[in-house]
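One file, run-v9.tsv, carrying TSV, C-alpha atoms:
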chain	number	residue	atom	x	y	z
A	4	MET	CA	68.93	60.06	41.80
A	5	PRO	CA	69.53	63.71	42.76
A	6	ALA	CA	72.23	65.62	40.92
A	7	SER	CA	75.54	65.64	42.73
A	8	GLY	CA	78.86	67.26	42.15
A	9	TRP	CA	81.75	69.04	43.80
A	10	ILE	CA	83.78	72.22	43.59
A	11	GLU	CA	87.50	72.78	43.67
A	12	VAL	CA	88.76	76.07	45.07
A	13	ASP	CA	92.05	77.46	43.75
A	14	GLU	CA	93.55	78.97	46.89
A	15	LEU	CA	95.88	81.14	44.84
A	16	TYR	CA	92.87	83.16	43.64
A	17	CYS	CA	90.29	82.85	46.44
A	18	LYS	CA	90.04	85.99	48.61
A	19	GLY	CA	87.43	84.73	51.07
A	20	CYS	CA	84.86	87.35	50.02
A	21	GLU	CA	81.97	85.00	50.89
A	22	LEU	CA	79.91	85.83	47.79
A	23	CYS	CA	79.77	82.10	46.94
A	24	VAL	CA	78.88	81.26	50.55
A	25	THR	CA	75.79	83.48	50.31
A	26	ALA	CA	74.89	82.49	46.73
A	27	CYS	CA	75.05	78.70	47.24
A	28	PRO	CA	71.44	77.46	47.07
A	29	LYS	CA	72.35	74.33	49.05
A	30	GLU	CA	74.31	76.27	51.70
A	31	VAL	CA	77.20	73.81	51.58
A	32	ILE	CA	80.04	76.32	51.05
A	33	ALA	CA	81.81	77.95	54.00
A	34	LEU	CA	85.11	79.64	54.69
A	35	ASP	CA	87.78	77.26	55.95
A	36	MET	CA	88.89	78.98	59.16
A	37	ASP	CA	91.75	76.47	59.62
A	38	ARG	CA	93.51	77.47	56.40
A	39	LEU	CA	95.10	80.60	54.97
A	40	THR	CA	95.74	81.33	51.30
A	41	PRO	CA	99.09	82.77	50.10
A	42	LYS	CA	97.39	86.21	50.20
A	43	GLY	CA	96.32	85.59	53.81
A	44	TYR	CA	92.59	84.98	53.39
A	45	HIS	CA	90.50	82.09	54.68
A	46	PRO	CA	89.53	80.24	51.49
A	47	ALA	CA	86.06	78.95	50.62
A	48	HIS	CA	85.61	75.19	50.75
A	49	LEU	CA	82.88	72.58	50.47
A	50	ALA	CA	81.81	72.22	54.10
A	51	ALA	CA	78.98	69.70	53.80
A	52	GLU	CA	77.47	67.03	51.61
A	53	GLY	CA	74.80	68.09	49.13
A	54	CYS	CA	76.62	69.96	46.34
A	55	THR	CA	74.65	69.53	43.10
A	56	GLY	CA	77.32	71.00	40.82
A	57	CYS	CA	74.92	73.76	39.75
A	58	GLY	CA	77.74	76.25	39.24
A	59	ILE	CA	76.04	79.27	40.84
A	60	CYS	CA	79.09	79.76	43.08
A	61	ALA	CA	81.24	80.06	39.95
A	62	VAL	CA	78.81	82.62	38.48
A	63	VAL	CA	79.33	85.00	41.41
A	64	CYS	CA	83.05	84.36	42.02
A	65	PRO	CA	84.94	87.60	41.23
A	66	ASP	CA	88.27	85.80	40.99
A	67	ALA	CA	87.36	82.76	38.88
A	68	ALA	CA	88.78	80.62	41.68
A	69	LEU	CA	86.21	77.85	41.37
A	70	THR	CA	86.08	74.80	39.14
A	71	VAL	CA	82.76	72.96	39.24
A	72	TYR	CA	82.14	69.31	38.39
A	73	ARG	CA	78.92	67.30	38.23
A	74	HIS	CA	78.59	63.53	38.40
A	75	VAL	CA	77.10	61.91	35.34
A	76	THR	CA	73.92	60.12	36.34
A	77	GLN	CA	73.43	56.81	34.59
A	78	ARG	CA	69.91	56.45	33.31
A	79	LYS	CA	68.42	53.10	34.30
A	80	GLN	CA	67.25	50.86	31.52
A	81	PRO	CA	63.46	50.39	31.68
A	82	SER	CA	62.92	46.99	33.33
A	83	SER	CA	60.71	45.74	30.50
A	84	LEU	CA	63.70	45.85	28.16
A	85	VAL	CA	65.99	43.85	30.43
A	86	HIS	CA	65.43	40.14	29.88
B	8	MET	CA	85.69	64.62	46.98
B	9	THR	CA	86.16	62.91	43.62
B	10	THR	CA	84.70	59.44	43.21
B	11	SER	CA	85.06	56.75	40.59
B	12	GLN	CA	81.71	57.85	39.17
B	13	PRO	CA	82.17	59.67	35.81
B	14	ALA	CA	81.83	63.46	36.02
B	15	THR	CA	81.45	66.38	33.65
B	16	LEU	CA	83.06	69.79	33.92
B	17	VAL	CA	80.42	72.44	34.68
B	18	TYR	CA	82.66	75.47	34.99
B	19	GLN	CA	86.34	76.29	34.76
B	20	ARG	CA	88.42	79.46	34.60
B	21	PRO	CA	88.15	80.98	31.08
B	22	THR	CA	91.25	80.74	28.87
B	23	SER	CA	90.97	84.46	27.99
B	24	PHE	CA	91.90	85.05	31.64
B	25	SER	CA	95.60	85.10	32.45
B	26	GLU	CA	97.10	83.20	35.36
B	27	ALA	CA	97.71	86.41	37.31
B	28	THR	CA	95.91	87.06	40.58
B	29	THR	CA	93.99	90.35	40.52
B	30	HIS	CA	94.76	93.25	42.85
B	31	TYR	CA	91.04	93.89	43.39
B	32	CYS	CA	89.67	93.92	46.93
B	33	PRO	CA	87.82	90.75	48.04
B	34	GLY	CA	84.29	90.71	46.64
B	35	CYS	CA	84.86	93.54	44.14
B	36	THR	CA	82.60	92.99	41.12
B	37	HIS	CA	85.32	94.23	38.74
B	38	GLY	CA	86.46	90.60	38.88
B	39	ILE	CA	83.02	89.38	37.83
B	40	ALA	CA	82.92	91.88	34.96
B	41	HIS	CA	86.40	90.79	33.81
B	42	ARG	CA	85.40	87.15	34.02
B	43	LEU	CA	82.24	87.72	31.94
B	44	VAL	CA	84.22	89.48	29.22
B	45	ALA	CA	86.74	86.61	29.20
B	46	GLU	CA	83.96	84.00	29.02
B	47	VAL	CA	82.25	85.81	26.13
B	48	LEU	CA	85.52	86.13	24.19
B	49	ASP	CA	86.14	82.40	24.76
B	50	GLU	CA	82.64	81.45	23.60
B	51	MET	CA	82.86	83.61	20.47
B	52	GLY	CA	86.39	82.44	19.69
B	53	LEU	CA	87.65	86.03	19.58
B	54	ARG	CA	90.63	85.74	21.92
B	55	GLU	CA	93.24	85.70	19.15
B	56	LYS	CA	91.91	88.85	17.47
B	57	ALA	CA	90.67	90.82	20.47
B	58	ILE	CA	92.45	94.01	21.52
B	59	GLY	CA	91.48	95.56	24.84
B	60	VAL	CA	92.04	99.12	25.95
B	61	ALA	CA	92.60	99.53	29.70
B	62	PRO	CA	91.53	102.69	31.53
B	63	VAL	CA	92.93	104.59	34.47
B	64	GLY	CA	91.23	103.65	37.71
B	65	CYS	CA	90.95	100.37	39.58
B	66	ALA	CA	90.96	98.46	36.26
B	67	VAL	CA	94.27	100.05	35.23
B	68	PHE	CA	96.01	96.67	35.44
B	69	ALA	CA	93.37	94.91	33.31
B	70	TYR	CA	96.09	94.19	30.74
B	71	ASN	CA	97.71	91.83	33.26
B	72	TYR	CA	94.50	89.90	33.84
B	73	PHE	CA	93.43	89.08	30.29
B	74	ASN	CA	95.29	86.59	28.15
B	75	LEU	CA	95.02	88.76	25.01
B	76	ASP	CA	96.43	91.92	23.44
B	77	PHE	CA	95.94	95.05	25.50
B	78	VAL	CA	97.00	98.67	25.49
B	79	GLU	CA	96.79	101.23	28.27
B	80	ALA	CA	95.11	104.56	27.53
B	81	ALA	CA	95.54	107.95	29.17
B	82	HIS	CA	92.84	108.75	31.73
B	83	GLY	CA	89.44	108.76	30.00
B	84	ARG	CA	90.88	108.42	26.50
B	85	ALA	CA	90.21	104.72	25.98
B	86	PRO	CA	87.42	105.32	23.40
B	87	ALA	CA	89.72	107.62	21.41
B	88	MET	CA	92.49	105.02	21.48
B	89	ALA	CA	90.04	102.25	20.57
B	90	THR	CA	88.82	104.40	17.65
B	91	GLY	CA	92.34	104.60	16.27
B	92	ILE	CA	93.00	100.88	16.72
B	93	LYS	CA	89.69	99.85	15.17
B	94	ARG	CA	90.16	102.14	12.15
B	95	VAL	CA	93.66	100.83	11.48
B	96	LEU	CA	92.80	97.18	12.26
B	97	PRO	CA	89.11	96.84	11.31
B	98	GLU	CA	89.33	93.04	11.35
B	99	ASN	CA	90.18	92.97	15.04
B	100	THR	CA	87.71	93.08	17.90
B	101	VAL	CA	88.41	96.20	19.94
B	102	PHE	CA	86.93	96.88	23.36
B	103	THR	CA	87.51	99.30	26.19
B	104	TYR	CA	86.98	98.56	29.86
B	105	GLN	CA	86.30	101.71	31.86
B	106	GLY	CA	85.03	102.81	35.25
B	107	ASP	CA	82.68	105.66	36.02
B	108	GLY	CA	85.42	108.08	37.04
B	109	ASP	CA	87.29	107.37	33.81
B	110	LEU	CA	84.32	107.27	31.43
B	111	ALA	CA	81.78	109.67	32.94
B	112	SER	CA	84.10	112.37	34.27
B	113	ILE	CA	87.44	113.03	32.60
B	114	GLY	CA	86.54	110.87	29.59
B	115	MET	CA	83.03	112.21	28.97
B	116	ALA	CA	84.03	113.97	25.72
B	117	GLU	CA	85.69	110.87	24.28
B	118	ILE	CA	82.80	108.51	25.02
B	119	MET	CA	80.15	110.94	23.71
B	120	HIS	CA	81.96	111.58	20.46
B	121	ALA	CA	82.90	107.93	19.93
B	122	ALA	CA	79.18	107.10	20.21
B	123	ALA	CA	78.16	110.04	18.03
B	124	ARG	CA	80.61	108.95	15.33
B	125	GLY	CA	79.25	105.42	15.58
B	126	GLU	CA	82.68	103.94	16.11
B	127	ASN	CA	82.41	100.19	15.79
B	128	ILE	CA	83.86	99.43	19.22
B	129	THR	CA	82.55	97.75	22.39
B	130	VAL	CA	82.69	99.57	25.71
B	131	ILE	CA	82.38	97.81	29.05
B	132	PHE	CA	81.48	100.46	31.62
B	133	ALA	CA	81.72	99.51	35.30
B	134	ASN	CA	79.64	101.97	37.35
B	135	ASN	CA	80.22	101.75	41.09
B	136	ALA	CA	79.21	105.33	41.93
B	137	ILE	CA	82.62	106.18	43.40
B	138	TYR	CA	86.29	106.74	42.58
B	139	GLY	CA	87.71	103.47	43.89
B	140	MET	CA	91.45	103.64	43.23
B	141	THR	CA	92.09	107.11	44.64
B	142	GLY	CA	90.32	106.44	47.92
B	143	GLY	CA	86.58	106.73	47.50
B	144	GLN	CA	85.91	110.27	46.32
B	145	MET	CA	82.61	111.46	44.86
B	146	ALA	CA	82.18	110.53	41.19
B	147	PRO	CA	79.73	111.92	38.61
B	148	THR	CA	77.59	108.85	39.29
B	149	THR	CA	77.54	109.14	43.11
B	150	LEU	CA	73.98	108.95	44.41
B	151	PRO	CA	72.41	112.00	46.13
B	152	GLY	CA	73.11	111.79	49.85
B	153	MET	CA	75.80	109.12	49.41
B	154	LYS	CA	78.78	109.54	51.72
B	155	THR	CA	82.21	109.57	50.12
B	156	THR	CA	85.56	110.90	51.31
B	157	SER	CA	84.95	114.15	49.41
B	158	SER	CA	81.28	114.38	50.44
B	159	PRO	CA	81.47	113.26	54.10
B	160	TYR	CA	77.95	114.55	54.87
B	161	GLY	CA	76.48	112.91	51.77
B	162	ARG	CA	76.33	114.23	48.19
B	163	ASP	CA	74.58	117.61	48.41
B	164	VAL	CA	72.78	118.12	45.10
B	165	GLU	CA	72.63	121.90	45.71
B	166	LEU	CA	76.41	121.96	45.74
B	167	ALA	CA	77.52	118.99	43.62
B	168	GLY	CA	74.59	118.40	41.28
B	169	TYR	CA	72.94	115.16	40.31
B	170	PRO	CA	74.32	111.81	39.14
B	171	ILE	CA	74.78	111.34	35.39
B	172	ARG	CA	72.93	108.50	33.69
B	173	VAL	CA	75.34	107.62	30.90
B	174	SER	CA	73.36	104.85	29.18
B	175	GLU	CA	70.23	106.97	28.72
B	176	MET	CA	72.36	109.76	27.29
B	177	LEU	CA	74.30	107.57	24.85
B	178	ALA	CA	71.10	105.85	23.69
B	179	THR	CA	70.06	109.16	22.10
B	180	MET	CA	73.09	108.99	19.77
B	181	GLU	CA	72.33	107.87	16.23
B	182	GLY	CA	75.72	106.18	15.97
B	183	ALA	CA	75.00	103.84	18.88
B	184	GLY	CA	73.87	100.33	17.98
B	185	TYR	CA	73.60	98.77	21.42
B	186	VAL	CA	73.33	100.52	24.78
B	187	VAL	CA	72.27	98.49	27.81
B	188	ARG	CA	72.50	98.79	31.59
B	189	ALA	CA	72.88	95.54	33.55
B	190	SER	CA	73.80	94.77	37.14
B	191	LEU	CA	76.14	92.35	38.89
B	192	HIS	CA	74.35	92.02	42.22
B	193	ASP	CA	73.02	88.44	42.04
B	194	PRO	CA	73.49	85.28	39.93
B	195	ALA	CA	70.42	85.95	37.74
B	196	HIS	CA	71.52	89.49	36.93
B	197	ILE	CA	75.10	88.35	36.34
B	198	ARG	CA	73.81	85.87	33.73
B	199	LYS	CA	71.78	88.67	32.08
B	200	ALA	CA	74.86	90.90	32.14
B	201	LYS	CA	76.84	88.20	30.36
B	202	LYS	CA	74.20	88.03	27.62
B	203	ALA	CA	74.37	91.81	27.28
B	204	ILE	CA	78.16	91.65	26.91
B	205	ARG	CA	77.75	88.90	24.31
B	206	ARG	CA	75.32	91.06	22.32
B	207	ALA	CA	77.65	94.06	22.60
B	208	PHE	CA	80.44	92.03	20.99
B	209	GLU	CA	78.01	90.63	18.38
B	210	THR	CA	77.12	94.26	17.53
B	211	GLN	CA	80.75	94.95	16.78
B	212	GLU	CA	81.25	91.72	14.82
B	213	ARG	CA	78.28	92.67	12.62
B	214	GLY	CA	79.47	96.26	12.16
B	215	LEU	CA	76.31	97.78	13.65
B	216	GLY	CA	77.95	100.71	15.40
B	217	PHE	CA	78.93	101.71	18.89
B	218	ALA	CA	78.06	99.25	21.68
B	219	MET	CA	78.17	99.86	25.41
B	220	VAL	CA	77.21	97.76	28.42
B	221	GLU	CA	76.95	99.63	31.72
B	222	LEU	CA	77.44	97.27	34.65
B	223	LEU	CA	76.29	98.37	38.11
B	224	SER	CA	79.22	97.30	40.28
B	225	SER	CA	80.14	97.31	43.93
B	226	CYS	CA	82.99	98.87	45.87
B	227	PRO	CA	82.90	97.21	49.30
B	228	THR	CA	86.07	98.91	50.50
B	229	ASN	CA	85.08	102.50	49.77
B	230	TRP	CA	81.41	102.02	50.53
B	231	LYS	CA	82.73	100.63	53.85
B	232	VAL	CA	80.51	97.53	53.85
B	233	THR	CA	81.05	93.80	53.43
B	234	PRO	CA	80.99	92.33	49.89
B	235	ASN	CA	77.52	90.86	50.44
B	236	GLU	CA	76.17	94.12	51.90
B	237	ALA	CA	77.60	95.91	48.87
B	238	LEU	CA	75.56	93.70	46.55
B	239	GLU	CA	72.49	94.57	48.64
B	240	PHE	CA	73.32	98.26	48.25
B	241	ILE	CA	73.33	97.83	44.46
B	242	ALA	CA	69.93	96.12	44.55
B	243	LYS	CA	68.30	98.57	46.95
B	244	GLN	CA	69.95	101.91	46.19
B	245	MET	CA	71.66	101.83	42.81
B	246	VAL	CA	69.10	99.96	40.70
B	247	PRO	CA	66.31	102.48	41.54
B	248	ALA	CA	68.63	105.38	40.67
B	249	PHE	CA	70.08	103.71	37.56
B	250	PRO	CA	67.20	101.68	36.09
B	251	LEU	CA	68.26	98.47	34.34
B	252	GLY	CA	67.20	98.02	30.76
B	253	ASP	CA	67.93	97.93	27.06
B	254	PHE	CA	68.04	101.57	26.01
B	255	LYS	CA	68.97	101.01	22.41
B	256	VAL	CA	69.17	97.68	20.62
B	257	HIS	CA	69.77	97.40	16.89
B	258	PRO	CA	66.90	95.37	15.32
B	259	GLU	CA	69.40	92.80	14.02
B	260	ILE	CA	70.74	92.25	17.55
B	261	ALA	CA	67.23	92.13	19.04
B	262	LYS	CA	66.49	89.09	16.84
B	263	LEU	CA	69.64	87.33	18.03
B	264	ARG	CA	69.36	84.39	20.44
B	265	VAL	CA	72.35	84.14	22.72
structure tokens encoding of this file:
Amino acid sequence: MPASGWIEVDELYCKGCELCVTACPKEVIALDMDRLTPKGYHPAHLAAEGCTGCGICAVVCPDAALTVYRHVTQRKQPSSLVH
Amino acid sequence: MTTSQPATLVYQRPTSFSEATTHYCPGCTHGIAHRLVAEVLDEMGLREKAIGVAPVGCAVFAYNYFNLDFVEAAHGRAPAMATGIKRVLPENTVFTYQGDGDLASIGMAEIMHAAARGENITVIFANNAIYGMTGGQMAPTTLPGMKTTSSPYGRDVELAGYPIRVSEMLATMEGAGYVVRASLHDPAHIRKAKKAIRRAFETQERGLGFAMVELLSSCPTNWKVTPNEALEFIAKQMVPAFPLGDFKVHPEIAKLRV
């Protein structure tokens, strides 16, 4: 099962600089053109499925606006042990 | 986006960061440098005993952005102030955060002598080749031919001389224990920069002398480019002029795995 996760963007801090949009290896982050932050920027948001929770967006974020989560993948028991 | 599936936290805002929003322009790598310092202080558990010294320049309000003790120095005098604090409070972790206008121009004497004396402080030096706060004037680190508001036809080396490479210069000082230049232009280099900052604080914790990390930073507003183009400018123009590398690493720090 591929790794999956999600990001949460704190709109108080996000300035819409697009560094995370460019850095995202899965290209699933985009600016939300329908929203404005209190500072008047279009905030980043998760625009598509496919986030792996790798955290690269958080590495480049100059405003520490991102919180990154990753789903815990349950390892399957080998079938020989299940009887 | 949350589901009932259990999840782990990969990254959250460091606790050494305050809740304040920064005044930095969108995409300015000062924020990344601040964040890395905060993450390192969190990881090393130094928040309670860390004392920062803020410069004059864009980072003048750094004391608002860190959730730890901070003092504000006169322009360029952060290493002198840090010297005093560290000598009076040797148990505390003392660091300065300075830009190139503050450290390499008006504060050149203070940084040179702090390194020569081997003061046991950590210096974070953000080099963006320009005076950001005052409107993009030529700095001592401005590249030859680079356009600024005070060199509108590009820096003329016949008239204004050549950029100063601070790390190479400080690495010649016997009192320096750790002098490294890193860059903030992509995720891989940001991770390396964080390790350099970690080692610079480890140098201080072990009493191995003066430690400085020079961070090649961007200034999208005064370079008049987008944040992403500014990172490209660092990679293509600044890195060749300011080569990345470890210029002086104390043998004890070189052995360290971080």
Check your understanding: Skipping near chain neighbours, those fewer than 4 positions away, what residues fall within 12 Å of His45 (chain A) using all atoms listed in the file, listed as a list in words?
Key -> Val12, Asp13, Glu14, Leu15, Tyr16, Cys17, Lys18, Gly19, Cys20, Glu21, Ala33, Leu34, Asp35, Met36, Asp37, Arg38, Leu39, Thr40 and Pro41 of chain A; Pro33 of chain B
Practice item. Could you tell me how far CA of Val173 (chain B) lies from CA of Glu50 (chain B), in Å and to one decimal? Key: 28.1 Å
**Study point:** Selection near Gly182 (chain B), 10 Å with all atoms listed in the file, sequence-local residues under 5 positions removed, as a ChimeraX atom specification
**Key:** /B:120-127,177,215-218
Output C-alpha atoms for every residue in the selection just made, as a short mmCIF file (atom, residue, chain, number, x, y, z; two decimals), in the frame of the given file.
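Now in part_9.cif:
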data_model
loop_
_atom_site.label_atom_id
_atom_site.label_comp_id
_atom_site.auth_asym_id
_atom_site.auth_seq_id
_atom_site.Cartn_x
_atom_site.Cartn_y
_atom_site.Cartn_z
CA HIS B 120 81.96 111.58 20.46
CA ALA B 121 82.90 107.93 19.93
CA ALA B 122 79.18 107.10 20.21
CA ALA B 123 78.16 110.04 18.03
CA ARG B 124 80.61 108.95 15.33
CA GLY B 125 79.25 105.42 15.58
CA GLU B 126 82.68 103.94 16.11
CA ASN B 127 82.41 100.19 15.79
CA LEU B 177 74.30 107.57 24.85
CA LEU B 215 76.31 97.78 13.65
CA GLY B 216 77.95 100.71 15.40
CA PHE B 217 78.93 101.71 18.89
CA ALA B 218 78.06 99.25 21.68
#
Using 7 Å as the limit and counting all atoms listed in the file, can you tabulate each residue of chain B that touches chain A, with its shortest atom-to-atom distance in Å and the two atoms involved, as a tab-separated table?
residue	atom	partner	partner_atom	distance
B:Met8	CA	A:Trp9	CA	6.7
B:Gln12	CA	A:His74	CA	6.5
B:Pro13	CA	A:Val75	CA	5.6
B:Ala14	CA	A:His74	CA	4.0
B:Thr15	CA	A:Arg73	CA	5.3
B:Leu16	CA	A:Tyr72	CA	4.6
B:Val17	CA	A:Tyr72	CA	5.1
B:Tyr18	CA	A:Val71	CA	4.9
B:Gln19	CA	A:Thr70	CA	4.6
B:Arg20	CA	A:Ala67	CA	5.5
B:Thr28	CA	A:Tyr16	CA	5.8
B:Pro33	CA	A:Cys20	CA	4.9
B:Gly34	CA	A:Cys20	CA	4.8
B:Cys35	CA	A:Pro65	CA	6.6
B:Thr36	CA	A:Pro65	CA	5.9
B:Gly38	CA	A:Pro65	CA	4.1
B:Ile39	CA	A:Pro65	CA	4.3
B:Arg42	CA	A:Ala67	CA	6.8
B:Pro194	CA	A:Val63	CA	6.0
B:Pro234	CA	A:Cys20	CA	6.3
B:Asn235	CA	A:Leu22	CA	6.2
Point to revise | Neighbour list for region 197-206 of chain B as a list in words, cut-off 7 Å, only C-alpha atoms, skip fewer than 4 positions in-chain | key: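 With the cut-off at 7 Å, the set is Leu43, Val44, Val47, Ala189, Ser190, Leu191, His192, Asp193, Thr210, Val220, Ile260 and Val265 of chain B.
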Review point. Excluding same-chain residues fewer than 2 positions from Asn74 (chain B), what lies within 8 Å of it counting only C-alpha atoms, as a PyMOL selection string?
Key: chain B and resi 22-25+54+71-72+76
Point to revise | Exercise: residues within 9 Å of coordinate (71.1, 99.7, 35.1), counting only C-alpha atoms, as a list in words | key: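 Result, sorted by chain then residue number: Ser174, Val187, Arg188, Ala189, Ser190, Glu221, Leu222, Leu223, Met245, Val246, Pro247, Ala248, Phe249, Pro250, Leu251, Gly252 and Asp253 of chain B.
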